[in-house]
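Down below is the structure, laid out as structure tokens.
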Amino acid sequence: MRLSCQAILFDMDGVIVDSTICVEESWRRFANRHSIDEAYLLSVCHGRPAHLTIAQVAPHLDEVELGRQLCAEQARDDDNVVLVPGAKELLRSLPQSRWAVNTSATEYLAHKRFADLSLPKPSVFITADDVSAGKPSPEGYLKAAQGLGYEASDCIVFEDSPVGLAAAEAARMRAVAVKTTFEIEQLPQSAQAYIADLTKVKVEAAKEQGELTIELLE
């Protein structure tokens with residue numbers, strides 16, 4: 001499959017960075033500390049800011065402070081965070097002005113992930129600290145597109161979670177689903193395509209300001 005666009009917007013965890021073990025272990029510890037059903041918590045934690053997950057599963061707790069603590073805990077876990085296959089190569093192949101990141105991680109955690117894994121930094125980096133409403137709100141993706149100087153219809157989003165794909169759909173952006181965190185049956189049918197990882201993606205730029213052509217290899 002080939003898709004054309006002006007800019008590419010990436011989620012971070014599950015798309016560029018594989019932090020599933022780190023994230024799920026931290027939430028398991030959180031569930032045990034606060035007597036929350038672990039299975040339910042793990043079913044809703046991926047793709048959204050930590051404080052929104054806490055507000056959903058334990059509204060009696062201080063979601064803002066505990067969300068910060070949880071992200072700080074995840075930032076200390078360097079052993080269980082690796083690159084999604086093909087991520088570094090793909091990002092390095094893209095013109096810096098044509099891609100952005102929109103993540104539900106905090107600014108500190110997101111920038112630490114990129115630094116620890118020696119990833120190239122995007123010119124626009126939207127984190128949970130930059131939005132008033134987290135995914136599935138479209139706010140982050142709309143801000144990312146605006147920061148790059150493109151309309152929503154000019155962008156293609158790479159996402160791995162149902163809430164992230166819902167955010168892309170709400171922003172009226174086309175999306176490619178990456179099957180790193182959820183099975184295809186768990187993902188919405190709104191995606192243009194479903195791929196295993198970023199080794200399945202090749203991007204060509206006709207010229208500096210021309211269209212980007214995305215070739216999906218599965």
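By convention here, the chains of the structure tokens are called A, B, ... in the order presented, each chain's residues are numbered starting at 1, and ligands are numbered starting at 1 in the order presented.
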
Show me a table, sorted first by chain and then by increasing residue number, of the residues of stretch 131-208 of chain A having an atom at most 9 Å from stretch 74-92 of chain A, each with its shortest atom pair and the distance in Å to one decimal, counting only C-alpha atoms and written as a Markdown table.
```
| residue | atom | partner | partner_atom | distance |
| --- | --- | --- | --- | --- |
| A:Thr180 | CA | A:Val84 | CA | 8.3 |
| A:Asp197 | CA | A:Pro85 | CA | 6.1 |
| A:Leu198 | CA | A:Gly86 | CA | 4.6 |
| A:Thr199 | CA | A:Gly86 | CA | 4.3 |
| A:Lys200 | CA | A:Gly86 | CA | 7.8 |
| A:Val201 | CA | A:Leu90 | CA | 7.5 |
| A:Lys202 | CA | A:Leu90 | CA | 7.3 |
| A:Val203 | CA | A:Leu90 | CA | 7.7 |
```

When DSSP is applied to the backbone of this structure, which of stretch 20-160 of chain A are assigned strand (DSSP E or B)? Write them out as a VMD selection string. chain A and resid 82 to 83 99 to 102 124 to 126 155 to 159

Just the residues within 12 Å of A:Thr53, please, counting only C-alpha atoms, with nothing from its chain fewer than 3 positions along; format it as a compact mmCIF listing (two decimals) with all heavy atoms, in the first residue's frame.
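Written file, result_29.txt:
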```txt
# COMPACT_ATOMS: atom_id res chain seq x y z
N TRP A 27 2.14 -0.20 36.42
CA TRP A 27 0.70 -0.19 36.72
C TRP A 27 0.29 -1.36 37.60
O TRP A 27 -0.64 -1.24 38.42
CB TRP A 27 -0.11 -0.19 35.42
CG TRP A 27 -0.22 1.15 34.77
CD1 TRP A 27 0.33 1.54 33.57
CD2 TRP A 27 -0.91 2.30 35.28
NE1 TRP A 27 0.02 2.85 33.31
CE2 TRP A 27 -0.73 3.35 34.34
CE3 TRP A 27 -1.65 2.55 36.42
CZ2 TRP A 27 -1.28 4.61 34.51
CZ3 TRP A 27 -2.20 3.82 36.60
CH2 TRP A 27 -2.01 4.83 35.66
N PHE A 30 1.06 -0.25 40.99
CA PHE A 30 0.05 0.73 41.37
C PHE A 30 -1.24 0.04 41.79
O PHE A 30 -1.86 0.40 42.81
CB PHE A 30 -0.20 1.69 40.21
CG PHE A 30 -1.17 2.79 40.50
CD1 PHE A 30 -0.73 4.00 41.00
CD2 PHE A 30 -2.54 2.61 40.29
CE1 PHE A 30 -1.63 5.02 41.29
CE2 PHE A 30 -3.44 3.62 40.57
CZ PHE A 30 -2.98 4.83 41.08
N ALA A 31 -1.66 -0.95 41.02
CA ALA A 31 -2.89 -1.68 41.34
C ALA A 31 -2.79 -2.36 42.70
O ALA A 31 -3.74 -2.33 43.49
CB ALA A 31 -3.17 -2.71 40.25
N ILE A 36 -6.68 -2.11 43.36
CA ILE A 36 -7.46 -1.94 42.12
C ILE A 36 -7.33 -3.22 41.31
O ILE A 36 -6.26 -3.85 41.28
CB ILE A 36 -6.93 -0.73 41.32
CG1 ILE A 36 -7.10 0.55 42.15
CG2 ILE A 36 -7.63 -0.60 39.99
CD1 ILE A 36 -6.37 1.73 41.58
N TYR A 40 -8.34 -5.11 34.86
CA TYR A 40 -9.08 -3.96 34.36
C TYR A 40 -8.15 -2.78 34.13
O TYR A 40 -8.23 -2.10 33.09
CB TYR A 40 -10.18 -3.57 35.36
CG TYR A 40 -10.86 -2.26 35.03
CD1 TYR A 40 -11.50 -2.07 33.81
CD2 TYR A 40 -10.86 -1.22 35.95
CE1 TYR A 40 -12.13 -0.87 33.51
CE2 TYR A 40 -11.49 -0.01 35.67
CZ TYR A 40 -12.11 0.16 34.45
OH TYR A 40 -12.72 1.35 34.15
N LEU A 41 -7.26 -2.54 35.08
CA LEU A 41 -6.33 -1.42 34.95
C LEU A 41 -5.45 -1.56 33.71
O LEU A 41 -5.28 -0.60 32.94
CB LEU A 41 -5.47 -1.32 36.20
CG LEU A 41 -4.45 -0.19 36.29
CD1 LEU A 41 -5.08 1.17 35.97
CD2 LEU A 41 -3.81 -0.15 37.67
N LEU A 42 -4.94 -2.75 33.47
CA LEU A 42 -4.08 -2.97 32.31
C LEU A 42 -4.85 -2.85 31.00
O LEU A 42 -4.27 -2.55 29.95
CB LEU A 42 -3.40 -4.33 32.39
CG LEU A 42 -2.38 -4.51 33.51
CD1 LEU A 42 -1.79 -5.91 33.48
CD2 LEU A 42 -1.26 -3.47 33.39
N SER A 43 -6.15 -3.07 31.05
CA SER A 43 -6.95 -2.98 29.82
C SER A 43 -7.22 -1.54 29.40
O SER A 43 -7.60 -1.29 28.25
CB SER A 43 -8.28 -3.71 30.01
OG SER A 43 -9.17 -2.98 30.85
N VAL A 44 -7.03 -0.57 30.32
CA VAL A 44 -7.37 0.82 30.00
C VAL A 44 -6.19 1.78 30.10
O VAL A 44 -6.33 2.96 29.77
CB VAL A 44 -8.51 1.34 30.91
CG1 VAL A 44 -9.77 0.51 30.73
CG2 VAL A 44 -8.08 1.36 32.37
N CYS A 45 -5.01 1.30 30.52
CA CYS A 45 -3.91 2.24 30.80
C CYS A 45 -3.14 2.69 29.58
O CYS A 45 -2.50 3.74 29.59
CB CYS A 45 -2.96 1.64 31.84
SG CYS A 45 -1.99 0.23 31.24
N HIS A 46 -3.15 1.89 28.50
CA HIS A 46 -2.28 2.19 27.36
C HIS A 46 -2.81 3.35 26.53
O HIS A 46 -3.99 3.43 26.20
CB HIS A 46 -2.14 0.96 26.47
CG HIS A 46 -1.31 -0.13 27.08
ND1 HIS A 46 0.05 -0.05 27.19
CD2 HIS A 46 -1.68 -1.32 27.64
CE1 HIS A 46 0.51 -1.15 27.77
NE2 HIS A 46 -0.52 -1.92 28.05
N GLY A 47 -1.89 4.26 26.18
CA GLY A 47 -2.20 5.29 25.21
C GLY A 47 -2.71 6.60 25.75
O GLY A 47 -2.81 7.57 25.02
N ARG A 48 -3.05 6.65 27.03
CA ARG A 48 -3.61 7.88 27.59
C ARG A 48 -2.73 8.37 28.73
O ARG A 48 -1.97 7.60 29.32
CB ARG A 48 -5.04 7.64 28.08
CG ARG A 48 -5.15 6.74 29.28
CD ARG A 48 -6.59 6.56 29.70
NE ARG A 48 -7.32 5.76 28.73
CZ ARG A 48 -8.64 5.79 28.59
NH1 ARG A 48 -9.37 6.60 29.34
NH2 ARG A 48 -9.24 5.02 27.70
N PRO A 49 -2.81 9.66 29.06
CA PRO A 49 -2.02 10.18 30.19
C PRO A 49 -2.34 9.43 31.48
O PRO A 49 -3.48 9.04 31.73
CB PRO A 49 -2.44 11.64 30.27
CG PRO A 49 -2.90 11.99 28.88
CD PRO A 49 -3.55 10.73 28.37
N ALA A 50 -1.31 9.23 32.31
CA ALA A 50 -1.48 8.45 33.53
C ALA A 50 -2.57 9.02 34.43
O ALA A 50 -3.36 8.26 35.02
CB ALA A 50 -0.15 8.40 34.29
N GLN A 56 -10.04 7.48 36.04
CA GLN A 56 -11.07 6.52 35.62
C GLN A 56 -11.19 5.36 36.59
O GLN A 56 -12.30 4.95 36.95
CB GLN A 56 -10.75 5.99 34.22
CG GLN A 56 -11.73 4.93 33.72
CD GLN A 56 -11.45 4.50 32.30
OE1 GLN A 56 -10.86 5.22 31.52
NE2 GLN A 56 -11.89 3.31 31.95
N VAL A 57 -10.04 4.81 37.03
CA VAL A 57 -10.09 3.58 37.83
C VAL A 57 -10.17 3.84 39.33
O VAL A 57 -10.59 2.97 40.09
CB VAL A 57 -8.88 2.67 37.52
CG1 VAL A 57 -8.84 2.31 36.05
CG2 VAL A 57 -7.57 3.31 37.97
N ALA A 58 -9.75 5.03 39.76
CA ALA A 58 -9.74 5.34 41.20
C ALA A 58 -9.99 6.83 41.41
O ALA A 58 -9.09 7.59 41.78
CB ALA A 58 -8.40 4.94 41.82
N PRO A 59 -11.21 7.29 41.14
CA PRO A 59 -11.50 8.73 41.20
C PRO A 59 -11.34 9.34 42.59
O PRO A 59 -11.30 10.56 42.71
CB PRO A 59 -12.96 8.80 40.73
CG PRO A 59 -13.52 7.43 40.92
CD PRO A 59 -12.37 6.49 40.71
N LEU A 61 -8.66 9.06 44.35
CA LEU A 61 -7.24 9.35 44.55
C LEU A 61 -6.86 10.67 43.89
O LEU A 61 -7.57 11.19 43.03
CB LEU A 61 -6.39 8.22 43.98
CG LEU A 61 -6.57 6.84 44.61
CD1 LEU A 61 -5.70 5.81 43.89
CD2 LEU A 61 -6.24 6.87 46.10
N ASP A 62 -5.69 11.21 44.26
CA ASP A 62 -5.15 12.43 43.66
C ASP A 62 -4.49 12.05 42.35
O ASP A 62 -3.32 11.67 42.32
CB ASP A 62 -4.14 13.07 44.61
CG ASP A 62 -3.59 14.40 44.09
OD1 ASP A 62 -3.74 14.67 42.88
OD2 ASP A 62 -2.98 15.14 44.88
N GLU A 63 -5.24 12.13 41.25
CA GLU A 63 -4.73 11.63 39.98
C GLU A 63 -3.53 12.40 39.46
O GLU A 63 -2.64 11.83 38.82
CB GLU A 63 -5.84 11.60 38.92
CG GLU A 63 -6.32 12.95 38.43
CD GLU A 63 -7.49 13.47 39.20
OE1 GLU A 63 -7.76 12.97 40.31
OE2 GLU A 63 -8.16 14.39 38.68
N VAL A 64 -3.47 13.70 39.71
CA VAL A 64 -2.36 14.50 39.19
C VAL A 64 -1.05 14.12 39.87
O VAL A 64 -0.05 13.81 39.21
CB VAL A 64 -2.65 16.00 39.37
CG1 VAL A 64 -1.44 16.83 38.95
CG2 VAL A 64 -3.87 16.40 38.55
N LEU A 66 -0.33 11.43 41.77
CA LEU A 66 0.01 10.02 41.57
C LEU A 66 0.42 9.74 40.13
O LEU A 66 1.28 8.89 39.87
CB LEU A 66 -1.17 9.14 41.97
CG LEU A 66 -1.46 9.09 43.47
CD1 LEU A 66 -2.72 8.27 43.74
CD2 LEU A 66 -0.29 8.51 44.24
N GLY A 67 -0.16 10.46 39.18
CA GLY A 67 0.26 10.31 37.79
C GLY A 67 1.69 10.75 37.60
O GLY A 67 2.47 10.10 36.89
N LEU A 70 3.93 8.07 39.05
CA LEU A 70 4.00 6.89 38.20
C LEU A 70 4.94 7.12 37.02
O LEU A 70 5.75 6.25 36.67
CB LEU A 70 2.60 6.54 37.71
CG LEU A 70 2.51 5.15 37.06
CD1 LEU A 70 2.17 4.11 38.10
CD2 LEU A 70 1.49 5.13 35.95
N SER A 104 1.35 10.64 25.19
CA SER A 104 0.65 10.83 26.45
C SER A 104 1.61 10.83 27.64
O SER A 104 1.17 11.00 28.78
CB SER A 104 -0.40 9.72 26.64
OG SER A 104 -1.41 9.84 25.68
N GLY A 134 -6.10 14.97 27.22
CA GLY A 134 -5.31 13.89 26.64
C GLY A 134 -6.11 13.03 25.68
O GLY A 134 -7.33 13.20 25.52
N LYS A 135 -5.44 12.11 25.02
CA LYS A 135 -6.12 11.17 24.12
C LYS A 135 -7.21 10.44 24.89
O LYS A 135 -7.02 10.10 26.05
CB LYS A 135 -5.11 10.16 23.56
CG LYS A 135 -3.98 10.81 22.76
CD LYS A 135 -2.92 9.78 22.38
CE LYS A 135 -1.74 10.43 21.70
NZ LYS A 135 -0.66 9.48 21.40
N PRO A 136 -8.38 10.24 24.31
CA PRO A 136 -8.72 10.31 22.88
C PRO A 136 -9.08 11.69 22.34
O PRO A 136 -9.62 11.78 21.23
CB PRO A 136 -9.91 9.37 22.77
CG PRO A 136 -10.59 9.50 24.09
CD PRO A 136 -9.48 9.65 25.09
N VAL A 163 -7.28 4.31 22.04
CA VAL A 163 -7.52 5.72 22.35
C VAL A 163 -6.71 6.64 21.43
O VAL A 163 -7.17 7.72 21.06
CB VAL A 163 -7.23 6.05 23.83
CG1 VAL A 163 -8.23 5.38 24.74
CG2 VAL A 163 -5.81 5.72 24.23
```

When DSSP is applied to the backbone of this structure, which of stretch 99-208 of chain A are assigned alpha helix (DSSP H)? Write them out as a list in words.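 For stretch 99-208 of chain A, the alpha helix (DSSP H) set is Glu107, Tyr108, Leu109, Ala110, His111, Lys112, Arg113, Phe114, Ala115, Asp116, Glu139, Gly140, Tyr141, Leu142, Lys143, Ala144, Ala145, Gln146, Gly147, Leu148, Pro162, Val163, Gly164, Leu165, Ala166, Ala167, Ala168, Glu169 and Ala170 of chain A.
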
Got time to write the residues from that selection, N, CA and C atoms, as a short mmCIF file (atom, residue, chain, number, x, y, z; two decimals), in the first residue's frame?
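Produced file out.cif, reproduced below:
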```
data_model
loop_
_atom_site.label_atom_id
_atom_site.label_comp_id
_atom_site.auth_asym_id
_atom_site.auth_seq_id
_atom_site.Cartn_x
_atom_site.Cartn_y
_atom_site.Cartn_z
N GLU A 107 6.50 15.47 29.66
CA GLU A 107 7.64 16.03 28.93
C GLU A 107 8.95 15.39 29.39
N TYR A 108 9.14 15.28 30.70
CA TYR A 108 10.39 14.71 31.22
C TYR A 108 10.57 13.28 30.74
N LEU A 109 9.53 12.46 30.88
CA LEU A 109 9.64 11.05 30.49
C LEU A 109 9.86 10.90 28.99
N ALA A 110 9.14 11.66 28.19
CA ALA A 110 9.27 11.55 26.73
C ALA A 110 10.67 11.94 26.26
N HIS A 111 11.18 13.05 26.75
CA HIS A 111 12.51 13.48 26.32
C HIS A 111 13.59 12.54 26.84
N LYS A 112 13.39 11.96 28.02
CA LYS A 112 14.35 11.00 28.54
C LYS A 112 14.38 9.75 27.66
N ARG A 113 13.21 9.28 27.25
CA ARG A 113 13.16 8.12 26.36
C ARG A 113 13.98 8.38 25.08
N PHE A 114 13.78 9.53 24.47
CA PHE A 114 14.50 9.85 23.23
C PHE A 114 16.00 9.96 23.47
N ALA A 115 16.39 10.57 24.58
CA ALA A 115 17.81 10.71 24.88
C ALA A 115 18.45 9.36 25.18
N ASP A 116 17.78 8.55 25.99
CA ASP A 116 18.34 7.25 26.37
C ASP A 116 18.55 6.34 25.17
N GLU A 139 -6.73 17.06 20.58
CA GLU A 139 -5.95 18.28 20.80
C GLU A 139 -4.46 18.11 20.48
N GLY A 140 -3.85 17.03 20.96
CA GLY A 140 -2.42 16.85 20.74
C GLY A 140 -2.05 16.72 19.28
N TYR A 141 -2.83 15.95 18.52
CA TYR A 141 -2.52 15.78 17.10
C TYR A 141 -2.77 17.08 16.33
N LEU A 142 -3.79 17.81 16.70
CA LEU A 142 -4.04 19.09 16.03
C LEU A 142 -2.92 20.09 16.33
N LYS A 143 -2.42 20.08 17.56
CA LYS A 143 -1.29 20.96 17.91
C LYS A 143 -0.03 20.55 17.16
N ALA A 144 0.18 19.26 17.01
CA ALA A 144 1.37 18.78 16.29
C ALA A 144 1.32 19.22 14.83
N ALA A 145 0.17 19.06 14.20
CA ALA A 145 0.02 19.49 12.80
C ALA A 145 0.22 20.99 12.67
N GLN A 146 -0.39 21.74 13.58
CA GLN A 146 -0.24 23.20 13.55
C GLN A 146 1.20 23.61 13.73
N GLY A 147 1.90 22.93 14.63
CA GLY A 147 3.30 23.26 14.87
C GLY A 147 4.17 23.04 13.65
N LEU A 148 3.82 22.04 12.85
CA LEU A 148 4.57 21.79 11.61
C LEU A 148 4.11 22.69 10.46
N PRO A 162 -6.15 1.90 20.94
CA PRO A 162 -7.49 2.34 20.57
C PRO A 162 -7.74 3.82 20.87
N VAL A 163 -7.28 4.31 22.04
CA VAL A 163 -7.52 5.72 22.35
C VAL A 163 -6.71 6.64 21.43
N GLY A 164 -5.51 6.21 21.04
CA GLY A 164 -4.71 7.01 20.13
C GLY A 164 -5.32 7.07 18.74
N LEU A 165 -5.81 5.94 18.27
CA LEU A 165 -6.47 5.92 16.97
C LEU A 165 -7.76 6.72 17.01
N ALA A 166 -8.45 6.70 18.15
CA ALA A 166 -9.66 7.52 18.29
C ALA A 166 -9.30 9.00 18.24
N ALA A 167 -8.15 9.36 18.83
CA ALA A 167 -7.70 10.76 18.78
C ALA A 167 -7.41 11.19 17.35
N ALA A 168 -6.77 10.33 16.58
CA ALA A 168 -6.48 10.65 15.18
C ALA A 168 -7.76 10.80 14.38
N GLU A 169 -8.71 9.90 14.63
CA GLU A 169 -9.98 9.98 13.91
C GLU A 169 -10.73 11.26 14.28
N ALA A 170 -10.69 11.63 15.57
CA ALA A 170 -11.36 12.86 16.00
C ALA A 170 -10.72 14.09 15.39
#
```

Given only C-alpha atoms as the basis, pick out the residue of A:Leu3, A:Val15, A:Ala55, A:Ala39 nearest to A:Ile195.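 With only C-alpha atoms as the atom set, the closest residue is A:Val15.
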